[in-house]
file final-v8.cif (mmCIF, C-alpha atoms and all ligand atoms)
data_my_file
loop_
_atom_site.label_atom_id
_atom_site.label_comp_id
_atom_site.auth_asym_id
_atom_site.auth_seq_id
_atom_site.Cartn_x
_atom_site.Cartn_y
_atom_site.Cartn_z
CA MET Q 6 2.10 17.47 10.47
CA PRO Q 7 4.49 18.17 7.63
CA THR Q 8 4.00 18.46 3.90
CA VAL Q 9 6.60 18.81 1.18
CA ASN Q 10 6.23 20.15 -2.36
CA LEU Q 11 7.47 17.36 -4.61
CA THR Q 12 7.81 17.80 -8.39
CA ASN Q 13 4.15 17.17 -9.19
CA HIS Q 14 2.21 17.54 -5.96
CA THR Q 15 2.23 18.40 -2.29
CA CYS Q 16 2.90 15.28 -0.24
CA PHE Q 17 1.64 14.86 3.32
CA TYR Q 18 3.77 12.66 5.56
CA THR Q 19 4.48 11.87 9.20
CA VAL Q 20 7.78 10.75 10.71
CA GLU Q 21 8.10 9.01 14.04
CA ASP Q 22 11.84 9.12 14.60
CA ALA Q 23 12.82 7.21 17.71
CA GLY Q 24 16.51 7.40 16.84
CA LYS Q 25 16.54 3.80 15.61
CA GLU Q 26 19.02 2.63 13.00
CA ASP Q 27 16.39 1.77 10.38
CA THR Q 28 13.22 3.33 9.01
CA ILE Q 29 10.16 1.60 7.55
CA VAL Q 30 8.21 3.52 4.91
CA PHE Q 31 4.50 2.65 4.72
CA SER Q 32 2.49 3.10 1.52
CA ASN Q 33 -1.32 3.01 1.70
CA SER Q 34 -3.86 1.18 -0.48
CA LEU Q 35 -6.29 2.72 -2.95
CA GLY Q 36 -8.90 4.81 -1.13
CA THR Q 37 -7.18 4.83 2.29
CA ASP Q 38 -4.59 7.15 3.82
CA TYR Q 39 -1.70 6.96 6.26
CA THR Q 40 -4.09 6.18 9.14
CA MET Q 41 -4.68 2.70 7.70
CA TRP Q 42 -1.46 1.74 9.55
CA ASP Q 43 -2.65 3.08 12.93
CA GLU Q 44 -3.04 -0.34 14.58
CA LEU Q 45 0.20 -1.75 13.16
CA VAL Q 46 2.61 1.10 13.78
CA PRO Q 47 2.60 1.00 17.63
CA ILE Q 48 3.76 -2.63 17.47
CA LEU Q 49 6.73 -1.77 15.22
CA ARG Q 50 7.64 1.61 16.75
CA PRO Q 51 9.89 0.09 19.47
CA TYR Q 52 12.17 -1.31 16.75
CA TYR Q 53 12.08 1.13 13.82
CA ASN Q 54 11.61 4.75 12.87
CA ILE Q 55 8.32 5.03 11.01
CA LEU Q 56 7.65 7.12 7.90
CA ARG Q 57 4.08 7.20 6.66
CA TYR Q 58 2.76 9.29 3.79
CA ASP Q 59 -0.47 9.78 1.86
CA THR Q 60 -0.19 8.59 -1.73
CA ARG Q 61 -0.77 11.32 -4.33
CA GLY Q 62 -4.48 12.18 -4.55
CA HIS Q 63 -5.25 10.49 -1.24
CA GLY Q 64 -5.84 11.88 2.25
CA GLN Q 65 -4.00 15.18 2.57
CA SER Q 66 -1.72 14.73 -0.47
CA THR Q 67 -2.77 16.71 -3.53
CA ILE Q 68 -3.02 15.73 -7.19
CA GLN Q 69 -3.10 17.84 -10.32
CA ALA Q 70 -3.97 15.30 -13.01
CA ASP Q 71 -6.81 12.96 -13.96
CA THR Q 72 -4.45 10.02 -14.42
CA VAL Q 73 -1.20 8.97 -12.81
CA SER Q 74 1.06 5.95 -13.15
CA ILE Q 75 2.61 3.59 -10.62
CA ALA Q 76 6.01 4.81 -11.89
CA GLU Q 77 5.09 8.39 -10.93
CA LEU Q 78 3.83 7.21 -7.53
CA GLY Q 79 7.12 5.35 -7.08
CA GLN Q 80 9.11 8.47 -7.99
CA ASP Q 81 7.16 10.32 -5.30
CA VAL Q 82 8.57 7.91 -2.70
CA VAL Q 83 12.14 8.38 -3.95
CA GLU Q 84 11.68 12.18 -3.85
CA LEU Q 85 10.29 11.98 -0.33
CA LEU Q 86 13.26 9.88 0.81
CA ASP Q 87 15.62 12.42 -0.80
CA HIS Q 88 13.83 15.27 0.94
CA LEU Q 89 14.19 13.51 4.30
CA GLU Q 90 17.79 12.53 3.49
CA LEU Q 91 17.00 8.88 4.08
CA GLY Q 92 19.48 6.64 2.28
CA LYS Q 93 18.37 3.01 2.44
CA VAL Q 94 15.13 2.01 4.14
CA TYR Q 95 12.60 -0.79 4.53
CA PHE Q 96 9.35 -0.47 2.55
CA CYS Q 97 5.90 -1.87 3.26
CA GLY Q 98 3.05 -1.28 0.81
CA LEU Q 99 -0.43 -2.79 0.70
CA SER Q 100 -2.35 -3.37 -2.56
CA MET Q 101 -1.67 -0.21 -4.61
CA GLY Q 102 1.16 0.38 -2.12
CA GLY Q 103 2.42 -3.09 -3.07
CA LEU Q 104 2.42 -2.14 -6.75
CA ILE Q 105 4.47 0.93 -5.82
CA GLY Q 106 6.79 -1.39 -3.87
CA GLN Q 107 7.26 -3.61 -6.93
CA TRP Q 108 8.18 -0.56 -9.03
CA LEU Q 109 10.61 0.66 -6.36
CA GLY Q 110 12.24 -2.74 -5.92
CA ILE Q 111 12.85 -2.94 -9.66
CA HIS Q 112 13.77 0.69 -10.40
CA ALA Q 113 15.37 1.95 -7.18
CA PRO Q 114 16.81 -1.16 -5.46
CA GLU Q 115 19.70 0.85 -4.01
CA ARG Q 116 17.22 2.67 -1.72
CA PHE Q 117 15.61 -0.42 -0.15
CA LYS Q 118 17.06 -3.02 2.22
CA LYS Q 119 13.94 -5.20 2.14
CA VAL Q 120 10.41 -4.83 0.77
CA VAL Q 121 7.08 -6.08 2.13
CA LEU Q 122 4.35 -6.47 -0.50
CA ALA Q 123 1.00 -7.08 1.18
CA ASN Q 124 -2.36 -7.95 -0.39
CA THR Q 125 -1.14 -7.15 -3.83
CA ALA Q 126 -0.49 -8.82 -7.18
CA SER Q 127 1.68 -8.29 -10.22
CA LYS Q 128 -1.56 -7.40 -12.09
CA ILE Q 129 -4.70 -6.35 -10.17
CA GLY Q 130 -8.11 -6.72 -11.81
CA THR Q 131 -9.00 -6.10 -15.45
CA GLU Q 132 -9.04 -3.03 -17.68
CA GLU Q 133 -12.83 -3.28 -18.06
CA GLY Q 134 -13.34 -3.57 -14.30
CA TRP Q 135 -11.24 -0.47 -13.55
CA ASN Q 136 -12.81 1.56 -16.38
CA SER Q 137 -16.26 0.67 -15.12
CA ARG Q 138 -15.30 1.71 -11.56
CA ILE Q 139 -13.81 5.01 -12.78
CA LYS Q 140 -17.02 5.76 -14.73
CA GLN Q 141 -19.21 4.87 -11.75
CA VAL Q 142 -17.26 7.13 -9.36
CA ARG Q 143 -17.05 10.04 -11.81
CA GLU Q 144 -20.82 9.88 -12.41
CA HIS Q 145 -22.11 8.95 -8.95
CA GLY Q 146 -19.35 9.70 -6.44
CA LEU Q 147 -17.39 7.59 -3.95
CA GLU Q 148 -20.45 6.98 -1.75
CA SER Q 149 -21.92 4.90 -4.58
CA ILE Q 150 -19.23 2.22 -4.19
CA LEU Q 151 -19.02 2.30 -0.39
CA ASP Q 152 -20.83 -0.99 0.35
CA GLY Q 153 -18.88 -2.96 -2.24
CA THR Q 154 -15.65 -1.46 -0.94
CA ALA Q 155 -16.42 -2.50 2.65
CA GLN Q 156 -17.14 -6.05 1.46
CA ARG Q 157 -13.90 -6.27 -0.54
CA TRP Q 158 -11.79 -4.89 2.30
CA PHE Q 159 -13.06 -6.61 5.46
CA THR Q 160 -14.29 -10.07 6.45
CA PRO Q 161 -17.89 -10.23 7.74
CA ALA Q 162 -16.53 -11.25 11.16
CA PHE Q 163 -14.28 -8.19 11.36
CA ARG Q 164 -17.08 -5.84 10.26
CA GLU Q 165 -19.29 -7.33 12.98
CA LYS Q 166 -16.65 -7.16 15.73
CA HIS Q 167 -14.98 -3.81 14.91
CA PRO Q 168 -17.64 -1.52 13.42
CA ASP Q 169 -15.82 1.57 14.75
CA VAL Q 170 -12.55 0.70 12.95
CA VAL Q 171 -14.44 -0.06 9.73
CA ALA Q 172 -16.47 3.17 9.99
CA ALA Q 173 -13.31 5.27 10.51
CA ILE Q 174 -11.61 3.80 7.45
CA LEU Q 175 -14.72 4.15 5.28
CA GLU Q 176 -15.13 7.75 6.47
CA LYS Q 177 -11.60 8.45 5.19
CA PHE Q 178 -12.52 6.70 1.94
CA THR Q 179 -15.43 9.06 1.24
CA GLN Q 180 -13.28 12.10 2.09
CA ASN Q 181 -10.95 11.39 -0.85
CA SER Q 182 -11.45 13.46 -4.00
CA VAL Q 183 -13.01 11.79 -7.03
CA GLN Q 184 -10.05 13.03 -9.06
CA GLY Q 185 -7.47 11.50 -6.69
CA TYR Q 186 -9.26 8.18 -6.37
CA THR Q 187 -9.97 7.72 -10.09
CA ALA Q 188 -6.45 8.82 -11.12
CA CYS Q 189 -5.05 6.10 -8.86
CA CYS Q 190 -7.60 3.57 -10.19
CA ALA Q 191 -5.99 4.27 -13.58
CA ALA Q 192 -2.53 3.70 -12.09
CA VAL Q 193 -3.61 0.31 -10.72
CA ARG Q 194 -5.38 -0.56 -13.99
CA ASP Q 195 -2.26 0.14 -16.08
CA ALA Q 196 0.30 -1.58 -13.82
CA ASP Q 197 1.55 -5.00 -14.91
CA PHE Q 198 4.65 -6.48 -13.32
CA ARG Q 199 4.08 -10.10 -14.43
CA GLU Q 200 7.04 -10.14 -16.81
CA LYS Q 201 9.21 -7.80 -14.73
CA LEU Q 202 9.33 -9.45 -11.32
CA GLN Q 203 12.49 -11.45 -12.01
CA ARG Q 204 14.27 -8.06 -12.02
CA LEU Q 205 13.21 -7.44 -8.41
CA GLN Q 206 16.39 -8.61 -6.65
CA VAL Q 207 15.78 -7.07 -3.20
CA PRO Q 208 14.61 -9.49 -0.44
CA VAL Q 209 10.80 -9.51 -0.45
CA LEU Q 210 8.09 -10.74 1.90
CA VAL Q 211 4.70 -11.25 0.24
CA ILE Q 212 1.75 -11.23 2.65
CA SER Q 213 -1.62 -12.49 1.36
CA GLY Q 214 -5.04 -12.59 2.97
CA GLU Q 215 -6.65 -16.03 2.88
CA GLN Q 216 -10.07 -14.39 2.44
CA ASP Q 217 -8.92 -11.72 -0.01
CA GLU Q 218 -10.70 -12.11 -3.35
CA VAL Q 219 -9.08 -9.01 -4.92
CA THR Q 220 -5.44 -10.05 -4.57
CA THR Q 221 -5.55 -13.72 -3.71
CA PRO Q 222 -2.99 -16.08 -2.13
CA THR Q 223 -2.60 -17.56 -5.64
CA ASP Q 224 -1.53 -14.10 -6.84
CA GLY Q 225 0.96 -14.03 -3.96
CA GLU Q 226 2.34 -17.46 -4.88
CA PHE Q 227 2.77 -16.33 -8.47
CA MET Q 228 4.76 -13.28 -7.37
CA VAL Q 229 6.99 -15.32 -5.07
CA SER Q 230 7.67 -17.84 -7.85
CA ARG Q 231 8.91 -15.01 -10.10
CA MET Q 232 11.18 -13.17 -7.64
CA PRO Q 233 14.65 -14.49 -6.80
CA GLN Q 234 14.58 -13.62 -3.07
CA ALA Q 235 10.97 -13.83 -1.91
CA ARG Q 236 8.98 -15.67 0.71
CA HIS Q 237 5.24 -15.92 1.30
CA VAL Q 238 3.05 -15.66 4.40
CA THR Q 239 -0.73 -15.94 4.47
CA LEU Q 240 -2.98 -14.48 7.15
CA ASP Q 241 -6.62 -15.31 7.89
CA ALA Q 242 -7.85 -11.90 6.75
CA ASN Q 243 -9.48 -10.06 3.87
CA HIS Q 244 -7.87 -7.31 1.74
CA LEU Q 245 -6.91 -4.86 4.52
CA SER Q 246 -4.99 -7.52 6.44
CA ALA Q 247 -2.82 -4.98 8.30
CA VAL Q 248 -6.02 -3.49 9.76
CA GLU Q 249 -7.71 -6.80 10.53
CA LEU Q 250 -4.70 -8.60 12.00
CA PRO Q 251 -2.09 -5.99 13.00
CA GLN Q 252 -0.34 -8.26 15.52
CA ALA Q 253 0.11 -11.19 13.11
CA PHE Q 254 1.06 -8.78 10.30
CA ALA Q 255 3.68 -7.10 12.52
CA GLU Q 256 5.09 -10.44 13.70
CA SER Q 257 5.51 -11.59 10.08
CA MET Q 258 7.25 -8.31 9.26
CA LEU Q 259 9.54 -8.46 12.30
CA HIS Q 260 10.57 -12.03 11.52
CA PHE Q 261 11.35 -11.08 7.93
CA LEU Q 262 13.15 -7.81 8.73
CA GLN Q 263 15.19 -9.16 11.62
CA LYS Q 264 15.78 -12.86 10.98
CA ASP Q 265 15.30 -13.84 7.34
O1 LIG Q 301 -10.71 -1.37 -3.42
C1 LIG Q 301 -10.30 -2.35 -4.02
O2 LIG Q 301 -10.84 -2.80 -5.02
C2 LIG Q 301 -9.05 -3.02 -3.56
C3 LIG Q 301 -7.84 -2.43 -4.11
C4 LIG Q 301 -7.29 -2.61 -5.34
C5 LIG Q 301 -6.05 -1.84 -5.42
C6 LIG Q 301 -5.99 -1.28 -4.07
O3 LIG Q 301 -5.08 -0.59 -3.59
O4 LIG Q 301 -7.07 -1.63 -3.35
#
call {"tool": "encode", "arguments": {"input": "final-v8.cif", "output": "structure tokens"}}
result
Amino acid sequence: MPTVNLTNHTCFYTVEDAGKEDTIVFSNSLGTDYTMWDELVPILRPYYNILRYDTRGHGQSTIQADTVSIAELGQDVVELLDHLELGKVYFCGLSMGGLIGQWLGIHAPERFKKVVLANTASKIGTEEGWNSRIKQVREHGLESILDGTAQRWFTPAFREKHPDVVAAILEKFTQNSVQGYTACCAAVRDADFREKLQRLQVPVLVISGEQDEVTTPTDGEFMVSRMPQARHVTLDANHLSAVELPQAFAESMLHFLQKD
């Protein structure tokens, strides 16, 4: 599968071009890679071309620095679109991917027809919380936060019913580099769109997980109240809602992309 040398790193991506008019770009969450969309993509493939990529420092995309910003991760997306000569696309990002989507909607609105921001917030967590996680991972590795990560990402019912899906995603999590993961923790820590969201004029769908304690439905409501063209859907899922409920997630997206 292809890679491209962008300004600051080598970006891994996959394109499924079915000759459709429109393309959806998918942006993964912290600690996952492009395979987090594996259950969702087959449902959307009949309608759209699909572009997935690994965020800098994740999966097969490289990183050369100990910190990175959401602005830099947003520029990566614009560079990737330029490389692929894609003019105006749909964007779907989850959690960190949703922060990237907020940056893109504000700073590169001419490149996006509509934006889906899933399981995200205009400000995620606290500075102390992120600094403590960065320290923990630098000193003890990604394995040391595996259990807590599984609990934040999946409902107990999903973990019980789909242990293979959970194991595959957690396996990918531990394969990330400490440098890539902690650099992106810093990007999430430093991002704050609370006072900037009114500048996001592109149509937006916010998807929240009713059981998500990291980025809550209240966070989603706040975002929607600040953006001029936004609507809100909640799903009975935890943080990785696109993994837990791909059919409901896809139906919400299709309704938004095709009807709203
Ligand atoms: O792993 C977590 O804590 C959840 C999360 C926060 C930002 C992100 O992308 O995932």
call {"tool": "atom_distance", "arguments": {"input": "final-v8.cif", "atom1": "atom CA of Arg57 of chain Q", "atom2": "atom CA of Arg157 of chain Q"}}
result
23.6 Å
call {"tool": "residues_near_ligand", "arguments": {"input": "final-v8.cif", "ligand": "ligand LIG 301 (chain Q)", "cutoff": "10 Å", "atoms": "all atoms listed in the file", "output": "PDB file with C-alpha atoms, in the frame of the given file"}}
result
ATOM      1  CA  SER Q  32       2.490   3.100   1.520  1.00  0.00           C
ATOM      2  CA  ASN Q  33      -1.320   3.010   1.700  1.00  0.00           C
ATOM      3  CA  SER Q  34      -3.860   1.180  -0.480  1.00  0.00           C
ATOM      4  CA  LEU Q  35      -6.290   2.720  -2.950  1.00  0.00           C
ATOM      5  CA  GLY Q  36      -8.900   4.810  -1.130  1.00  0.00           C
ATOM      6  CA  THR Q  37      -7.180   4.830   2.290  1.00  0.00           C
ATOM      7  CA  GLY Q  98       3.050  -1.280   0.810  1.00  0.00           C
ATOM      8  CA  LEU Q  99      -0.430  -2.790   0.700  1.00  0.00           C
ATOM      9  CA  SER Q 100      -2.350  -3.370  -2.560  1.00  0.00           C
ATOM     10  CA  MET Q 101      -1.670  -0.210  -4.610  1.00  0.00           C
ATOM     11  CA  GLY Q 102       1.160   0.380  -2.120  1.00  0.00           C
ATOM     12  CA  GLY Q 103       2.420  -3.090  -3.070  1.00  0.00           C
ATOM     13  CA  LEU Q 104       2.420  -2.140  -6.750  1.00  0.00           C
ATOM     14  CA  ILE Q 105       4.470   0.930  -5.820  1.00  0.00           C
ATOM     15  CA  ASN Q 124      -2.360  -7.950  -0.390  1.00  0.00           C
ATOM     16  CA  THR Q 125      -1.140  -7.150  -3.830  1.00  0.00           C
ATOM     17  CA  ALA Q 126      -0.490  -8.820  -7.180  1.00  0.00           C
ATOM     18  CA  LYS Q 128      -1.560  -7.400 -12.090  1.00  0.00           C
ATOM     19  CA  ILE Q 129      -4.700  -6.350 -10.170  1.00  0.00           C
ATOM     20  CA  GLY Q 130      -8.110  -6.720 -11.810  1.00  0.00           C
ATOM     21  CA  GLY Q 134     -13.340  -3.570 -14.300  1.00  0.00           C
ATOM     22  CA  TRP Q 135     -11.240  -0.470 -13.550  1.00  0.00           C
ATOM     23  CA  ARG Q 138     -15.300   1.710 -11.560  1.00  0.00           C
ATOM     24  CA  ILE Q 150     -19.230   2.220  -4.190  1.00  0.00           C
ATOM     25  CA  LEU Q 151     -19.020   2.300  -0.390  1.00  0.00           C
ATOM     26  CA  GLY Q 153     -18.880  -2.960  -2.240  1.00  0.00           C
ATOM     27  CA  THR Q 154     -15.650  -1.460  -0.940  1.00  0.00           C
ATOM     28  CA  ALA Q 155     -16.420  -2.500   2.650  1.00  0.00           C
ATOM     29  CA  GLN Q 156     -17.140  -6.050   1.460  1.00  0.00           C
ATOM     30  CA  ARG Q 157     -13.900  -6.270  -0.540  1.00  0.00           C
ATOM     31  CA  TRP Q 158     -11.790  -4.890   2.300  1.00  0.00           C
ATOM     32  CA  PHE Q 178     -12.520   6.700   1.940  1.00  0.00           C
ATOM     33  CA  CYS Q 189      -5.050   6.100  -8.860  1.00  0.00           C
ATOM     34  CA  CYS Q 190      -7.600   3.570 -10.190  1.00  0.00           C
ATOM     35  CA  ALA Q 192      -2.530   3.700 -12.090  1.00  0.00           C
ATOM     36  CA  VAL Q 193      -3.610   0.310 -10.720  1.00  0.00           C
ATOM     37  CA  ARG Q 194      -5.380  -0.560 -13.990  1.00  0.00           C
ATOM     38  CA  ASP Q 217      -8.920 -11.720  -0.010  1.00  0.00           C
ATOM     39  CA  GLU Q 218     -10.700 -12.110  -3.350  1.00  0.00           C
ATOM     40  CA  VAL Q 219      -9.080  -9.010  -4.920  1.00  0.00           C
ATOM     41  CA  THR Q 220      -5.440 -10.050  -4.570  1.00  0.00           C
ATOM     42  CA  HIS Q 244      -7.870  -7.310   1.740  1.00  0.00           C
ATOM     43  CA  LEU Q 245      -6.910  -4.860   4.520  1.00  0.00           C
TER      44      LEU Q 245
END
call {"tool": "closest_residue", "arguments": {"input": "final-v8.cif", "among": "Q:Val120, Q:Ile111, Q:Ala188, Q:Val46", "to": "Lys201 of chain Q", "atoms": "all atoms listed in the file"}}
result
Q:Ile111
call {"tool": "residues_near_point", "arguments": {"input": "final-v8.cif", "point": "(13.8, -10.2, 0.5)", "cutoff": "8 Å", "atoms": "all atoms listed in the file", "output": "list in words"}}
result
Lys119, Val120, Gln206, Val207, Pro208, Val209, Leu210, Gln234, Ala235, Arg236, Phe261 and Asp265 of chain Q
call {"tool": "atom_distance", "arguments": {"input": "final-v8.cif", "atom1": "atom CA of Phe198 of chain Q", "atom2": "atom CA of Arg116 of chain Q"}}
result
19.4 Å
call {"tool": "closest_residue", "arguments": {"input": "final-v8.cif", "among": "Q:His14, Q:Lys118, Q:Lys264, Q:Arg164", "to": "Thr60 of chain Q", "atoms": "all atoms listed in the file"}}
result
Q:His14
call {"tool": "atom_distance", "arguments": {"input": "final-v8.cif", "atom1": "atom CA of Glu44 of chain Q", "atom2": "atom CA of Asn181 of chain Q"}}
result
20.9 Å
call {"tool": "closest_residue", "arguments": {"input": "final-v8.cif", "among": "Q:Pro251, Q:Gly92, Q:Pro168, Q:Pro7", "to": "Trp42 of chain Q", "atoms": "all atoms listed in the file"}}
result
Q:Pro251
call {"tool": "closest_residue", "arguments": {"input": "final-v8.cif", "among": "Q:Leu91, Q:Asn243, Q:Asp59, Q:Ile48", "to": "Asp27 of chain Q", "atoms": "only C-alpha atoms"}}
result
Q:Leu91
call {"tool": "closest_residue", "arguments": {"input": "final-v8.cif", "among": "Q:Thr179, Q:Ser213, Q:Thr15, Q:Thr221", "to": "Val121 of chain Q", "atoms": "all atoms listed in the file"}}
result
Q:Ser213
call {"tool": "closest_residue", "arguments": {"input": "final-v8.cif", "among": "Q:Asn10, Q:Asn136, Q:Gln263, Q:Gln65", "to": "Tyr39 of chain Q", "atoms": "all atoms listed in the file"}}
result
Q:Gln65
